[in-house]
$ cat data-v1.cif   # mmCIF, C-alpha atoms, pLDDT in the B column; chains and numbers go by the auth columns
data_data
loop_
_atom_site.group_PDB
_atom_site.id
_atom_site.type_symbol
_atom_site.label_atom_id
_atom_site.label_comp_id
_atom_site.label_asym_id
_atom_site.label_seq_id
_atom_site.Cartn_x
_atom_site.Cartn_y
_atom_site.Cartn_z
_atom_site.B_iso_or_equiv
_atom_site.auth_seq_id
_atom_site.auth_asym_id
ATOM 1 C CA MET A 1 74.497 100.272 96.829 60.00 1 A
ATOM 2 C CA THR A 2 75.968 101.080 100.226 69.00 2 A
ATOM 3 C CA ILE A 3 79.690 100.658 100.671 85.00 3 A
ATOM 4 C CA LYS A 4 80.711 98.806 103.807 95.00 4 A
ATOM 5 C CA GLU A 5 82.660 100.847 106.362 98.00 5 A
ATOM 6 C CA VAL A 6 85.969 99.212 107.198 98.00 6 A
ATOM 7 C CA VAL A 7 88.824 100.126 109.543 98.00 7 A
ATOM 8 C CA LEU A 8 92.251 98.647 108.844 97.00 8 A
ATOM 9 C CA LEU A 9 94.325 98.587 112.002 95.00 9 A
ATOM 10 C CA TYR A 10 98.106 98.220 112.136 93.00 10 A
ATOM 11 C CA ASP A 11 100.369 97.545 115.113 85.00 11 A
ATOM 12 C CA ILE A 12 98.283 98.723 118.031 76.00 12 A
ATOM 13 C CA MET A 13 100.337 96.927 120.644 69.00 13 A
ATOM 14 C CA SER A 14 98.263 97.047 123.808 71.00 14 A
ATOM 15 C CA GLU A 15 95.335 94.613 123.949 71.00 15 A
ATOM 16 C CA GLY A 16 93.413 97.171 126.012 73.00 16 A
ATOM 17 C CA ASN A 17 93.848 99.750 123.256 82.00 17 A
ATOM 18 C CA VAL A 18 92.737 97.274 120.605 87.00 18 A
ATOM 19 C CA LYS A 19 89.662 96.460 122.701 90.00 19 A
ATOM 20 C CA ARG A 20 88.687 100.142 122.833 92.00 20 A
ATOM 21 C CA ILE A 21 88.900 100.395 119.050 93.00 21 A
ATOM 22 C CA GLU A 22 87.007 97.107 118.671 93.00 22 A
ATOM 23 C CA ASN A 23 84.248 98.417 120.954 94.00 23 A
ATOM 24 C CA THR A 24 83.964 101.596 118.893 95.00 24 A
ATOM 25 C CA CYS A 25 83.681 99.582 115.678 96.00 25 A
ATOM 26 C CA HIS A 26 81.142 97.254 117.243 96.00 26 A
ATOM 27 C CA ASP A 27 78.983 100.112 118.533 95.00 27 A
ATOM 28 C CA LEU A 28 78.909 101.766 115.101 96.00 28 A
ATOM 29 C CA HIS A 29 78.635 98.521 113.067 97.00 29 A
ATOM 30 C CA VAL A 30 81.980 99.076 111.372 98.00 30 A
ATOM 31 C CA GLU A 31 84.100 96.132 110.253 97.00 31 A
ATOM 32 C CA LEU A 32 87.555 96.019 111.852 96.00 32 A
ATOM 33 C CA LYS A 33 90.417 94.229 110.133 96.00 33 A
ATOM 34 C CA LYS A 34 93.745 93.824 111.899 93.00 34 A
ATOM 35 C CA VAL A 35 96.449 93.824 109.227 93.00 35 A
ATOM 36 C CA ARG A 36 99.276 91.347 109.730 89.00 36 A
ATOM 37 C CA PRO A 37 102.870 91.952 108.546 88.00 37 A
ATOM 38 C CA ASP A 38 102.530 89.227 105.905 88.00 38 A
ATOM 39 C CA GLU A 39 99.750 91.361 104.340 92.00 39 A
ATOM 40 C CA TYR A 40 101.794 94.575 104.065 92.00 40 A
ATOM 41 C CA ARG A 41 102.485 94.104 100.332 93.00 41 A
ATOM 42 C CA VAL A 42 98.766 93.745 99.511 95.00 42 A
ATOM 43 C CA PRO A 43 97.229 96.928 98.025 97.00 43 A
ATOM 44 C CA VAL A 44 95.284 98.748 100.730 98.00 44 A
ATOM 45 C CA GLY A 45 92.089 98.637 98.645 97.00 45 A
ATOM 46 C CA PHE A 46 92.288 94.845 98.529 97.00 46 A
ATOM 47 C CA LEU A 47 92.868 94.718 102.290 97.00 47 A
ATOM 48 C CA ALA A 48 89.656 96.657 102.799 97.00 48 A
ATOM 49 C CA TYR A 49 87.444 95.086 100.133 97.00 49 A
ATOM 50 C CA GLY A 50 89.343 92.365 98.279 95.00 50 A
ATOM 51 C CA THR A 51 88.908 88.632 98.253 93.00 51 A
ATOM 52 C CA ASP A 52 91.424 86.156 99.649 91.00 52 A
ATOM 53 C CA ASP A 53 92.388 85.238 96.069 92.00 53 A
ATOM 54 C CA GLN A 54 93.112 88.881 95.224 92.00 54 A
ATOM 55 C CA LYS A 55 95.278 89.251 98.314 93.00 55 A
ATOM 56 C CA LYS A 56 97.100 85.937 97.908 90.00 56 A
ATOM 57 C CA GLU A 57 99.168 86.974 94.899 88.00 57 A
ATOM 58 C CA TYR A 58 100.794 89.791 96.921 89.00 58 A
ATOM 59 C CA MET A 59 101.520 87.788 100.048 84.00 59 A
ATOM 60 C CA ASN A 60 104.822 86.072 100.675 69.00 60 A
ATOM 61 C CA GLY A 61 104.653 83.922 103.783 66.00 61 A
ATOM 62 C CA ASP A 62 108.297 82.877 103.386 67.00 62 A
ATOM 63 C CA ASP A 63 109.574 86.419 103.870 68.00 63 A
ATOM 64 C CA PRO A 64 107.560 88.043 106.687 67.00 64 A
ATOM 65 C CA LEU A 65 107.972 91.776 107.095 74.00 65 A
ATOM 66 C CA PRO A 66 108.671 93.419 110.438 74.00 66 A
ATOM 67 C CA ALA A 67 105.977 95.251 112.356 74.00 67 A
ATOM 68 C CA LEU A 68 105.623 98.963 111.667 84.00 68 A
ATOM 69 C CA ASP A 69 107.315 101.237 114.193 86.00 69 A
ATOM 70 C CA LYS A 70 104.127 103.306 114.744 90.00 70 A
ATOM 71 C CA PRO A 71 100.439 102.413 114.788 92.00 71 A
ATOM 72 C CA MET A 72 98.432 103.191 111.669 95.00 72 A
ATOM 73 C CA MET A 73 94.722 103.244 110.860 96.00 73 A
ATOM 74 C CA VAL A 74 93.007 103.342 107.455 98.00 74 A
ATOM 75 C CA LEU A 75 89.295 104.189 107.215 98.00 75 A
ATOM 76 C CA ALA A 76 87.359 103.034 104.166 98.00 76 A
ATOM 77 C CA GLY A 77 83.802 103.663 103.020 97.00 77 A
ATOM 78 C CA PHE A 78 82.957 106.425 105.511 97.00 78 A
ATOM 79 C CA SER A 79 80.854 109.445 104.664 96.00 79 A
ATOM 80 C CA ASP A 80 82.045 112.704 106.221 96.00 80 A
ATOM 81 C CA GLU A 81 79.289 112.496 108.836 97.00 81 A
ATOM 82 C CA ARG A 82 80.124 108.906 109.768 97.00 82 A
ATOM 83 C CA LEU A 83 83.843 109.690 109.849 97.00 83 A
ATOM 84 C CA TYR A 84 83.290 112.466 112.406 97.00 84 A
ATOM 85 C CA MET A 85 80.987 110.189 114.381 97.00 85 A
ATOM 86 C CA PHE A 86 83.603 107.427 114.387 97.00 86 A
ATOM 87 C CA MET A 87 86.342 109.785 115.582 96.00 87 A
ATOM 88 C CA GLU A 88 84.108 111.101 118.374 96.00 88 A
ATOM 89 C CA GLU A 89 83.298 107.548 119.463 95.00 89 A
ATOM 90 C CA LEU A 90 87.003 106.692 119.571 95.00 90 A
ATOM 91 C CA GLN A 91 87.474 109.567 121.996 95.00 91 A
ATOM 92 C CA ARG A 92 84.433 108.533 124.028 94.00 92 A
ATOM 93 C CA HIS A 93 85.875 105.015 124.378 92.00 93 A
ATOM 94 C CA ASN A 94 89.268 106.464 125.402 93.00 94 A
ATOM 95 C CA ALA A 95 90.890 104.763 122.431 91.00 95 A
ATOM 96 C CA PRO A 96 94.548 105.589 121.842 87.00 96 A
ATOM 97 C CA TYR A 97 95.452 108.485 119.600 89.00 97 A
ATOM 98 C CA VAL A 98 96.747 107.165 116.282 91.00 98 A
ATOM 99 C CA ALA A 99 98.751 109.861 114.510 90.00 99 A
ATOM 100 C CA LEU A 100 99.070 107.933 111.245 94.00 100 A
ATOM 101 C CA LYS A 101 95.538 107.847 109.836 95.00 101 A
ATOM 102 C CA ALA A 102 94.296 107.851 106.269 97.00 102 A
ATOM 103 C CA VAL A 103 91.017 107.647 104.450 97.00 103 A
ATOM 104 C CA LEU A 104 91.031 105.145 101.588 98.00 104 A
ATOM 105 C CA THR A 105 90.923 106.974 98.240 97.00 105 A
ATOM 106 C CA GLU A 106 91.136 105.929 94.629 95.00 106 A
ATOM 107 C CA TYR A 107 94.761 107.109 94.687 96.00 107 A
ATOM 108 C CA ASN A 108 96.052 105.334 97.795 97.00 108 A
ATOM 109 C CA ALA A 109 93.953 102.175 97.259 97.00 109 A
ATOM 110 C CA VAL A 110 96.663 100.824 94.944 97.00 110 A
ATOM 111 C CA TRP A 111 99.486 101.487 97.419 97.00 111 A
ATOM 112 C CA ASP A 112 100.633 98.739 99.704 95.00 112 A
ATOM 113 C CA SER A 113 100.708 99.309 103.459 95.00 113 A
ATOM 114 C CA LEU A 114 104.431 100.093 103.515 94.00 114 A
ATOM 115 C CA GLU A 115 104.064 102.827 100.883 95.00 115 A
ATOM 116 C CA LEU A 116 101.112 104.336 102.730 96.00 116 A
ATOM 117 C CA PHE A 117 102.972 104.134 106.042 95.00 117 A
ATOM 118 C CA GLU A 118 106.007 105.999 104.658 93.00 118 A
ATOM 119 C CA GLU A 119 103.794 108.716 103.143 95.00 119 A
ATOM 120 C CA LEU A 120 101.845 109.171 106.376 95.00 120 A
ATOM 121 C CA LYS A 121 105.075 109.353 108.385 93.00 121 A
ATOM 122 C CA LYS A 122 106.361 112.125 106.101 91.00 122 A
ATOM 123 C CA GLU A 123 103.082 114.030 106.385 90.00 123 A
ATOM 124 C CA ASN A 124 103.032 113.616 110.170 87.00 124 A
ATOM 125 C CA GLU A 125 106.624 114.801 110.512 83.00 125 A
ATOM 126 C CA PHE A 126 105.861 117.840 108.361 82.00 126 A
ATOM 127 C CA MET A 127 102.780 118.666 110.434 81.00 127 A
ATOM 128 C CA GLN A 128 104.855 118.441 113.618 80.00 128 A
ATOM 129 C CA ASN A 129 107.650 120.659 112.220 79.00 129 A
ATOM 130 C CA PRO A 130 106.294 122.627 109.225 70.00 130 A
ATOM 131 C CA PHE A 131 109.050 125.241 109.230 73.00 131 A
ATOM 132 C CA SER A 132 112.101 123.048 109.714 64.00 132 A
#

$ encode --input "data-v1.cif" --output "structure tokens"
Amino acid sequence: MTIKEVVLLYDIMSEGNVKRIENTCHDLHVELKKVRPDEYRVPVGFLAYGTDDQKKEYMNGDDPLPALDKPMMVLAGFSDERLYMFMEELQRHNAPYVALKAVLTEYNAVWDSLELFEELKKENEFMQNPFS
């Protein structure tokens, strides 16, 4: 059984930038899902592969969450080869650099988007200033 390749995209503000990422996904037959703030409490694994019923129990439409303060991208179902190919295609399409990126794993699949975002921000800050 082949696992579907999925990109979860968060808070890419410019429509032109979104279009470049959409074109990359289209060219490589990758499914793109734009995650809305009302989905931020849904486990990331369910966002990538879950059903609407699985997601529904985590969503609270009455209390929408604010947009993230940085773009984020989660890649699910990619082999190493396809992951490198996808990243090269993003560059070829002049897609924006997204510093907060993660590959979906069995460990982070149960995290919600806010937990993943905070972890990626910490990792990114450390990578920018490892000796501070």

$ resolve_selection --input "data-v1.cif" --expression "the PyMOL selection byres ((chain A and resi 31-35) around 9)" --output "ChimeraX atom specification"
/A:4-11,21-22,25-26,29-30,36-40,47-48

$ atom_distance --input "data-v1.cif" --atom1 "atom CA of A:Ala109" --atom2 "atom CA of A:Gly16"
29.2 Å

$ atom_distance --input "data-v1.cif" --atom1 "atom CA of A:Asn124" --atom2 "atom CA of A:Leu28"
27.3 Å

$ residues_around --input "data-v1.cif" --residues "A:Phe117" --least-positions-apart "3" --cutoff "8 Å" --atoms "all atoms listed in the file" --output "VMD selection string"
chain A and resid 72 100 113 to 114 120 to 121

$ atom_distance --input "data-v1.cif" --atom1 "atom CA of A:Met59" --atom2 "atom CA of A:Lys101"
23.1 Å

$ closest_residue --input "data-v1.cif" --among "A:Val44, A:Ile3, A:Met127, A:Met87" --to "A:Thr105" --atoms "all atoms listed in the file"
A:Val44

$ resolve_selection --input "data-v1.cif" --expression "the PyMOL selection byres ((chain A and resi 89) around 10)" --output "PyMOL selection string"
chain A and resi 20-21+23-25+27-28+83-88+90-95

$ resolve_selection --input "data-v1.cif" --expression "the PyMOL selection byres ((chain A and resi 58) around 6)" --output "number ranges by chain"
A: 41-42, 55-57, 59

$ closest_residue --input "data-v1.cif" --among "A:Pro71, A:Gly45, A:Gly77, A:Gly50" --to "A:Asp112" --atoms "only C-alpha atoms"
A:Gly45

$ closest_residue --input "data-v1.cif" --among "A:Glu123, A:Met73, A:Asn129, A:Asp53" --to "A:Pro96" --atoms "all atoms listed in the file"
A:Met73
